[in-house]
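Trainee: Just one file: final.pdb, with PDB, N, CA and C atoms, pLDDT in the B column.
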MODEL        1
ATOM      1  N   LEU H   1      -2.362  39.666 -24.595  1.00 60.00           N
ATOM      2  CA  LEU H   1      -2.837  41.024 -24.485  1.00 60.00           C
ATOM      3  C   LEU H   1      -2.020  41.841 -23.485  1.00 60.00           C
ATOM      4  N   PHE H   2      -0.940  41.279 -22.998  1.00 75.00           N
ATOM      5  CA  PHE H   2      -0.072  42.015 -22.083  1.00 75.00           C
ATOM      6  C   PHE H   2       1.371  41.768 -22.480  1.00 75.00           C
ATOM      7  N   ASN H   3       2.247  42.538 -21.913  1.00 88.00           N
ATOM      8  CA  ASN H   3       3.669  42.408 -22.216  1.00 88.00           C
ATOM      9  C   ASN H   3       4.294  41.443 -21.203  1.00 88.00           C
ATOM     10  N   PRO H   4       4.644  40.233 -21.619  1.00 90.00           N
ATOM     11  CA  PRO H   4       5.195  39.247 -20.676  1.00 90.00           C
ATOM     12  C   PRO H   4       6.518  39.662 -20.047  1.00 90.00           C
ATOM     13  N   LEU H   5       7.280  40.483 -20.734  1.00 91.00           N
ATOM     14  CA  LEU H   5       8.570  40.897 -20.163  1.00 91.00           C
ATOM     15  C   LEU H   5       8.398  41.791 -18.947  1.00 91.00           C
ATOM     16  N   ARG H   6       7.227  42.426 -18.809  1.00 92.00           N
ATOM     17  CA  ARG H   6       6.975  43.234 -17.616  1.00 92.00           C
ATOM     18  C   ARG H   6       6.911  42.365 -16.368  1.00 92.00           C
ATOM     19  N   ILE H   7       6.598  41.099 -16.534  1.00 93.00           N
ATOM     20  CA  ILE H   7       6.526  40.169 -15.410  1.00 93.00           C
ATOM     21  C   ILE H   7       7.854  39.418 -15.252  1.00 93.00           C
ATOM     22  N   PHE H   8       8.364  38.870 -16.351  1.00 95.00           N
ATOM     23  CA  PHE H   8       9.512  37.975 -16.275  1.00 95.00           C
ATOM     24  C   PHE H   8      10.838  38.701 -16.087  1.00 95.00           C
ATOM     25  N   LEU H   9      11.004  39.889 -16.650  1.00 95.00           N
ATOM     26  CA  LEU H   9      12.284  40.587 -16.527  1.00 95.00           C
ATOM     27  C   LEU H   9      12.586  41.021 -15.090  1.00 95.00           C
ATOM     28  N   PRO H  10      11.656  41.671 -14.376  1.00 96.00           N
ATOM     29  CA  PRO H  10      11.978  42.014 -12.980  1.00 96.00           C
ATOM     30  C   PRO H  10      12.202  40.788 -12.093  1.00 96.00           C
ATOM     31  N   THR H  11      11.413  39.737 -12.315  1.00 96.00           N
ATOM     32  CA  THR H  11      11.597  38.516 -11.546  1.00 96.00           C
ATOM     33  C   THR H  11      12.971  37.916 -11.820  1.00 96.00           C
ATOM     34  N   SER H  12      13.368  37.941 -13.069  1.00 97.00           N
ATOM     35  CA  SER H  12      14.675  37.427 -13.447  1.00 97.00           C
ATOM     36  C   SER H  12      15.798  38.256 -12.819  1.00 97.00           C
ATOM     37  N   LEU H  13      15.640  39.556 -12.815  1.00 97.00           N
ATOM     38  CA  LEU H  13      16.671  40.415 -12.231  1.00 97.00           C
ATOM     39  C   LEU H  13      16.784  40.218 -10.720  1.00 97.00           C
ATOM     40  N   VAL H  14      15.653  40.022 -10.048  1.00 97.00           N
ATOM     41  CA  VAL H  14      15.691  39.765  -8.604  1.00 97.00           C
ATOM     42  C   VAL H  14      16.431  38.469  -8.323  1.00 97.00           C
ATOM     43  N   CYS H  15      16.135  37.420  -9.096  1.00 97.00           N
ATOM     44  CA  CYS H  15      16.828  36.140  -8.911  1.00 97.00           C
ATOM     45  C   CYS H  15      18.315  36.277  -9.216  1.00 97.00           C
ATOM     46  N   LEU H  16      18.649  37.017 -10.268  1.00 97.00           N
ATOM     47  CA  LEU H  16      20.044  37.184 -10.643  1.00 97.00           C
ATOM     48  C   LEU H  16      20.827  37.916  -9.557  1.00 97.00           C
ATOM     49  N   PHE H  17      20.291  39.047  -9.082  1.00 98.00           N
ATOM     50  CA  PHE H  17      21.007  39.814  -8.066  1.00 98.00           C
ATOM     51  C   PHE H  17      21.072  39.062  -6.745  1.00 98.00           C
ATOM     52  N   SER H  18      20.018  38.307  -6.428  1.00 97.00           N
ATOM     53  CA  SER H  18      20.056  37.496  -5.208  1.00 97.00           C
ATOM     54  C   SER H  18      21.127  36.414  -5.312  1.00 97.00           C
ATOM     55  N   GLY H  19      21.199  35.765  -6.455  1.00 97.00           N
ATOM     56  CA  GLY H  19      22.195  34.717  -6.650  1.00 97.00           C
ATOM     57  C   GLY H  19      23.616  35.256  -6.624  1.00 97.00           C
ATOM     58  N   VAL H  20      23.825  36.365  -7.285  1.00 96.00           N
ATOM     59  CA  VAL H  20      25.169  36.957  -7.294  1.00 96.00           C
ATOM     60  C   VAL H  20      25.538  37.450  -5.894  1.00 96.00           C
ATOM     61  N   GLY H  21      24.587  38.083  -5.214  1.00 96.00           N
ATOM     62  CA  GLY H  21      24.856  38.556  -3.853  1.00 96.00           C
ATOM     63  C   GLY H  21      25.151  37.415  -2.894  1.00 96.00           C
ATOM     64  N   LEU H  22      24.372  36.358  -2.990  1.00 96.00           N
ATOM     65  CA  LEU H  22      24.602  35.192  -2.136  1.00 96.00           C
ATOM     66  C   LEU H  22      25.945  34.536  -2.453  1.00 96.00           C
ATOM     67  N   GLY H  23      26.271  34.467  -3.727  1.00 95.00           N
ATOM     68  CA  GLY H  23      27.548  33.881  -4.126  1.00 95.00           C
ATOM     69  C   GLY H  23      28.731  34.690  -3.629  1.00 95.00           C
ATOM     70  N   ILE H  24      28.641  35.990  -3.752  1.00 95.00           N
ATOM     71  CA  ILE H  24      29.726  36.854  -3.276  1.00 95.00           C
ATOM     72  C   ILE H  24      29.860  36.768  -1.760  1.00 95.00           C
ATOM     73  N   TYR H  25      28.733  36.733  -1.065  1.00 95.00           N
ATOM     74  CA  TYR H  25      28.755  36.661   0.398  1.00 95.00           C
ATOM     75  C   TYR H  25      29.444  35.389   0.881  1.00 95.00           C
ATOM     76  N   TYR H  26      29.024  34.253   0.351  1.00 94.00           N
ATOM     77  CA  TYR H  26      29.627  32.994   0.807  1.00 94.00           C
ATOM     78  C   TYR H  26      31.066  32.842   0.317  1.00 94.00           C
ATOM     79  N   TYR H  27      31.372  33.377  -0.855  1.00 93.00           N
ATOM     80  CA  TYR H  27      32.749  33.317  -1.342  1.00 93.00           C
ATOM     81  C   TYR H  27      33.667  34.176  -0.469  1.00 93.00           C
ATOM     82  N   ALA H  28      33.147  35.323  -0.015  1.00 95.00           N
ATOM     83  CA  ALA H  28      33.940  36.195   0.861  1.00 95.00           C
ATOM     84  C   ALA H  28      34.169  35.550   2.231  1.00 95.00           C
ATOM     85  N   LEU H  29      33.219  34.720   2.665  1.00 94.00           N
ATOM     86  CA  LEU H  29      33.395  34.013   3.934  1.00 94.00           C
ATOM     87  C   LEU H  29      34.373  32.849   3.816  1.00 94.00           C
ATOM     88  N   GLY H  30      34.748  32.516   2.612  1.00 91.00           N
ATOM     89  CA  GLY H  30      35.686  31.429   2.393  1.00 91.00           C
ATOM     90  C   GLY H  30      35.033  30.069   2.264  1.00 91.00           C
ATOM     91  N   ARG H  31      33.737  30.034   2.046  1.00 89.00           N
ATOM     92  CA  ARG H  31      33.024  28.762   1.923  1.00 89.00           C
ATOM     93  C   ARG H  31      32.856  28.317   0.477  1.00 89.00           C
ATOM     94  N   GLY H  32      33.360  29.097  -0.448  1.00 87.00           N
ATOM     95  CA  GLY H  32      33.228  28.744  -1.860  1.00 87.00           C
ATOM     96  C   GLY H  32      31.880  29.157  -2.417  1.00 87.00           C
ATOM     97  N   LEU H  33      31.588  28.672  -3.584  1.00 87.00           N
ATOM     98  CA  LEU H  33      30.339  29.003  -4.259  1.00 87.00           C
ATOM     99  C   LEU H  33      29.296  27.955  -3.896  1.00 87.00           C
ATOM    100  N   VAL H  34      28.194  28.390  -3.319  1.00 92.00           N
ATOM    101  CA  VAL H  34      27.170  27.457  -2.858  1.00 92.00           C
ATOM    102  C   VAL H  34      26.191  27.138  -3.986  1.00 92.00           C
ATOM    103  N   GLY H  35      25.533  26.002  -3.856  1.00 93.00           N
ATOM    104  CA  GLY H  35      24.590  25.560  -4.869  1.00 93.00           C
ATOM    105  C   GLY H  35      23.374  26.463  -4.990  1.00 93.00           C
ATOM    106  N   ALA H  36      22.972  27.081  -3.885  1.00 94.00           N
ATOM    107  CA  ALA H  36      21.805  27.963  -3.924  1.00 94.00           C
ATOM    108  C   ALA H  36      22.059  29.179  -4.821  1.00 94.00           C
ATOM    109  N   ALA H  37      23.270  29.697  -4.783  1.00 95.00           N
ATOM    110  CA  ALA H  37      23.598  30.844  -5.632  1.00 95.00           C
ATOM    111  C   ALA H  37      23.558  30.441  -7.102  1.00 95.00           C
ATOM    112  N   LEU H  38      24.100  29.290  -7.410  1.00 96.00           N
ATOM    113  CA  LEU H  38      24.067  28.821  -8.796  1.00 96.00           C
ATOM    114  C   LEU H  38      22.643  28.543  -9.256  1.00 96.00           C
ATOM    115  N   LEU H  39      21.829  28.005  -8.370  1.00 97.00           N
ATOM    116  CA  LEU H  39      20.434  27.738  -8.701  1.00 97.00           C
ATOM    117  C   LEU H  39      19.676  29.024  -8.968  1.00 97.00           C
ATOM    118  N   LEU H  40      19.923  30.047  -8.181  1.00 97.00           N
ATOM    119  CA  LEU H  40      19.263  31.335  -8.407  1.00 97.00           C
ATOM    120  C   LEU H  40      19.704  31.973  -9.723  1.00 97.00           C
ATOM    121  N   ILE H  41      20.970  31.877 -10.038  1.00 97.00           N
ATOM    122  CA  ILE H  41      21.465  32.455 -11.289  1.00 97.00           C
ATOM    123  C   ILE H  41      20.888  31.709 -12.490  1.00 97.00           C
ATOM    124  N   MET H  42      20.851  30.390 -12.418  1.00 97.00           N
ATOM    125  CA  MET H  42      20.268  29.611 -13.522  1.00 97.00           C
ATOM    126  C   MET H  42      18.765  29.854 -13.649  1.00 97.00           C
ATOM    127  N   THR H  43      18.090  30.018 -12.537  1.00 97.00           N
ATOM    128  CA  THR H  43      16.664  30.348 -12.569  1.00 97.00           C
ATOM    129  C   THR H  43      16.444  31.693 -13.240  1.00 97.00           C
ATOM    130  N   ALA H  44      17.325  32.644 -12.971  1.00 98.00           N
ATOM    131  CA  ALA H  44      17.218  33.961 -13.598  1.00 98.00           C
ATOM    132  C   ALA H  44      17.382  33.861 -15.108  1.00 98.00           C
ATOM    133  N   VAL H  45      18.329  33.055 -15.545  1.00 97.00           N
ATOM    134  CA  VAL H  45      18.543  32.880 -16.992  1.00 97.00           C
ATOM    135  C   VAL H  45      17.322  32.231 -17.635  1.00 97.00           C
ATOM    136  N   TRP H  46      16.799  31.187 -17.010  1.00 98.00           N
ATOM    137  CA  TRP H  46      15.627  30.495 -17.563  1.00 98.00           C
ATOM    138  C   TRP H  46      14.402  31.394 -17.582  1.00 98.00           C
ATOM    139  N   LEU H  47      14.193  32.178 -16.529  1.00 97.00           N
ATOM    140  CA  LEU H  47      13.057  33.099 -16.515  1.00 97.00           C
ATOM    141  C   LEU H  47      13.177  34.147 -17.612  1.00 97.00           C
ATOM    142  N   PHE H  48      14.387  34.645 -17.815  1.00 97.00           N
ATOM    143  CA  PHE H  48      14.585  35.639 -18.861  1.00 97.00           C
ATOM    144  C   PHE H  48      14.282  35.062 -20.243  1.00 97.00           C
ATOM    145  N   PHE H  49      14.796  33.871 -20.522  1.00 97.00           N
ATOM    146  CA  PHE H  49      14.542  33.270 -21.827  1.00 97.00           C
ATOM    147  C   PHE H  49      13.085  32.860 -21.992  1.00 97.00           C
ATOM    148  N   PHE H  50      12.445  32.419 -20.916  1.00 96.00           N
ATOM    149  CA  PHE H  50      11.029  32.105 -20.989  1.00 96.00           C
ATOM    150  C   PHE H  50      10.224  33.372 -21.259  1.00 96.00           C
ATOM    151  N   GLY H  51      10.627  34.499 -20.669  1.00 95.00           N
ATOM    152  CA  GLY H  51       9.975  35.774 -20.944  1.00 95.00           C
ATOM    153  C   GLY H  51      10.139  36.204 -22.389  1.00 95.00           C
ATOM    154  N   LEU H  52      11.337  35.996 -22.954  1.00 95.00           N
ATOM    155  CA  LEU H  52      11.531  36.321 -24.371  1.00 95.00           C
ATOM    156  C   LEU H  52      10.659  35.447 -25.258  1.00 95.00           C
ATOM    157  N   PHE H  53      10.568  34.170 -24.925  1.00 95.00           N
ATOM    158  CA  PHE H  53       9.738  33.242 -25.684  1.00 95.00           C
ATOM    159  C   PHE H  53       8.265  33.647 -25.600  1.00 95.00           C
ATOM    160  N   ALA H  54       7.789  33.986 -24.405  1.00 93.00           N
ATOM    161  CA  ALA H  54       6.405  34.413 -24.232  1.00 93.00           C
ATOM    162  C   ALA H  54       6.138  35.723 -24.968  1.00 93.00           C
ATOM    163  N   ASP H  55       7.124  36.607 -25.004  1.00 92.00           N
ATOM    164  CA  ASP H  55       6.972  37.864 -25.725  1.00 92.00           C
ATOM    165  C   ASP H  55       6.833  37.617 -27.225  1.00 92.00           C
ATOM    166  N   GLN H  56       7.584  36.675 -27.753  1.00 92.00           N
ATOM    167  CA  GLN H  56       7.469  36.341 -29.174  1.00 92.00           C
ATOM    168  C   GLN H  56       6.095  35.757 -29.492  1.00 92.00           C
ATOM    169  N   ILE H  57       5.593  34.917 -28.623  1.00 89.00           N
ATOM    170  CA  ILE H  57       4.264  34.339 -28.832  1.00 89.00           C
ATOM    171  C   ILE H  57       3.193  35.423 -28.764  1.00 89.00           C
ATOM    172  N   ALA H  58       3.316  36.341 -27.810  1.00 86.00           N
ATOM    173  CA  ALA H  58       2.356  37.436 -27.700  1.00 86.00           C
ATOM    174  C   ALA H  58       2.407  38.329 -28.933  1.00 86.00           C
ATOM    175  N   GLU H  59       3.592  38.549 -29.461  1.00 85.00           N
ATOM    176  CA  GLU H  59       3.736  39.371 -30.669  1.00 85.00           C
ATOM    177  C   GLU H  59       3.083  38.704 -31.864  1.00 85.00           C
ATOM    178  N   ILE H  60       3.252  37.397 -32.003  1.00 85.00           N
ATOM    179  CA  ILE H  60       2.629  36.673 -33.109  1.00 85.00           C
ATOM    180  C   ILE H  60       1.113  36.729 -32.989  1.00 85.00           C
ATOM    181  N   ARG H  61       0.602  36.586 -31.781  1.00 78.00           N
ATOM    182  CA  ARG H  61      -0.854  36.601 -31.587  1.00 78.00           C
ATOM    183  C   ARG H  61      -1.435  37.957 -31.874  1.00 78.00           C
ATOM    184  N   THR H  62      -0.741  39.051 -31.532  1.00 72.00           N
ATOM    185  CA  THR H  62      -1.277  40.377 -31.809  1.00 72.00           C
ATOM    186  C   THR H  62      -1.219  40.689 -33.295  1.00 72.00           C
ATOM    187  N   GLU H  63      -0.223  40.180 -33.999  1.00 68.00           N
ATOM    188  CA  GLU H  63      -0.150  40.392 -35.450  1.00 68.00           C
ATOM    189  C   GLU H  63      -1.287  39.682 -36.154  1.00 68.00           C
ATOM    190  N   ARG H  64      -1.669  38.525 -35.664  1.00 67.00           N
ATOM    191  CA  ARG H  64      -2.712  37.721 -36.299  1.00 67.00           C
ATOM    192  C   ARG H  64      -4.067  38.427 -36.229  1.00 67.00           C
ATOM    193  N   TYR H  65      -4.345  39.128 -35.126  1.00 65.00           N
ATOM    194  CA  TYR H  65      -5.666  39.725 -34.935  1.00 65.00           C
ATOM    195  C   TYR H  65      -5.751  41.156 -35.424  1.00 65.00           C
ATOM    196  N   GLU H  66      -4.693  41.680 -35.963  1.00 61.00           N
ATOM    197  CA  GLU H  66      -4.769  43.059 -36.477  1.00 61.00           C
ATOM    198  C   GLU H  66      -5.171  43.091 -37.921  1.00 61.00           C
TER
ENDMDL
END
Give the structure from this file in C-alpha cells form.

Mentor:
Amino acid sequence: LFNPLRIFLPTSLVCLFSGVGLGIYYYALGRGLVGAALLLIMTAVWLFFFGLFADQIAEIRTERYE
C-alpha cells in the first residue's frame, strides 16, 4: 500500500554518495581504495535492486485487488 522506492531509493543514494566520497577521499590521500567505500557502493546497488523488486511486488498486489 506504499511506494517502496520512496524508502529504498534515497537510502541507496546516500550509501552511493557516501561510498564514492569516501573512496575519492582516501584515493586522494594516496591510500588506495578502501574496503568500506566498496562496501557502501555495493550496499547501494543491493538496496536499489531490492527496492525495484519490492516495487514490482507492490504493483502486482495492487493489480490483484483492483

Trainee: How far is it from atom N of Ile41 in chain H to atom N of Ile57 in chain H, in Å with one decimal?

Mentor: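 So the answer is 24.3 Å.
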
Trainee: Might you spell out which residues the PyMOL selection byres ((chain H and resi 23) around 7) would select in the displayed file, as JSON, numbers by chain?

Mentor: {"H": [18, 19, 20, 21, 22, 24, 25, 26, 27, 28, 32, 33, 34, 36, 37, 38]}

Trainee: The residues within 12 Å of (11.6, 30.8, -15.6), using only C-alpha atoms and the coordinates of the file, should be reported as a PyMOL selection string; which are they?

Mentor: chain H and resi 4-5+7-13+15-16+39-54

Trainee: Could you please write out, as a PyMOL selection string, every residue of range 7-36 of chain H that DSSP assigns to alpha helix (DSSP H)?

Mentor: chain H and resi 7-28+35-36
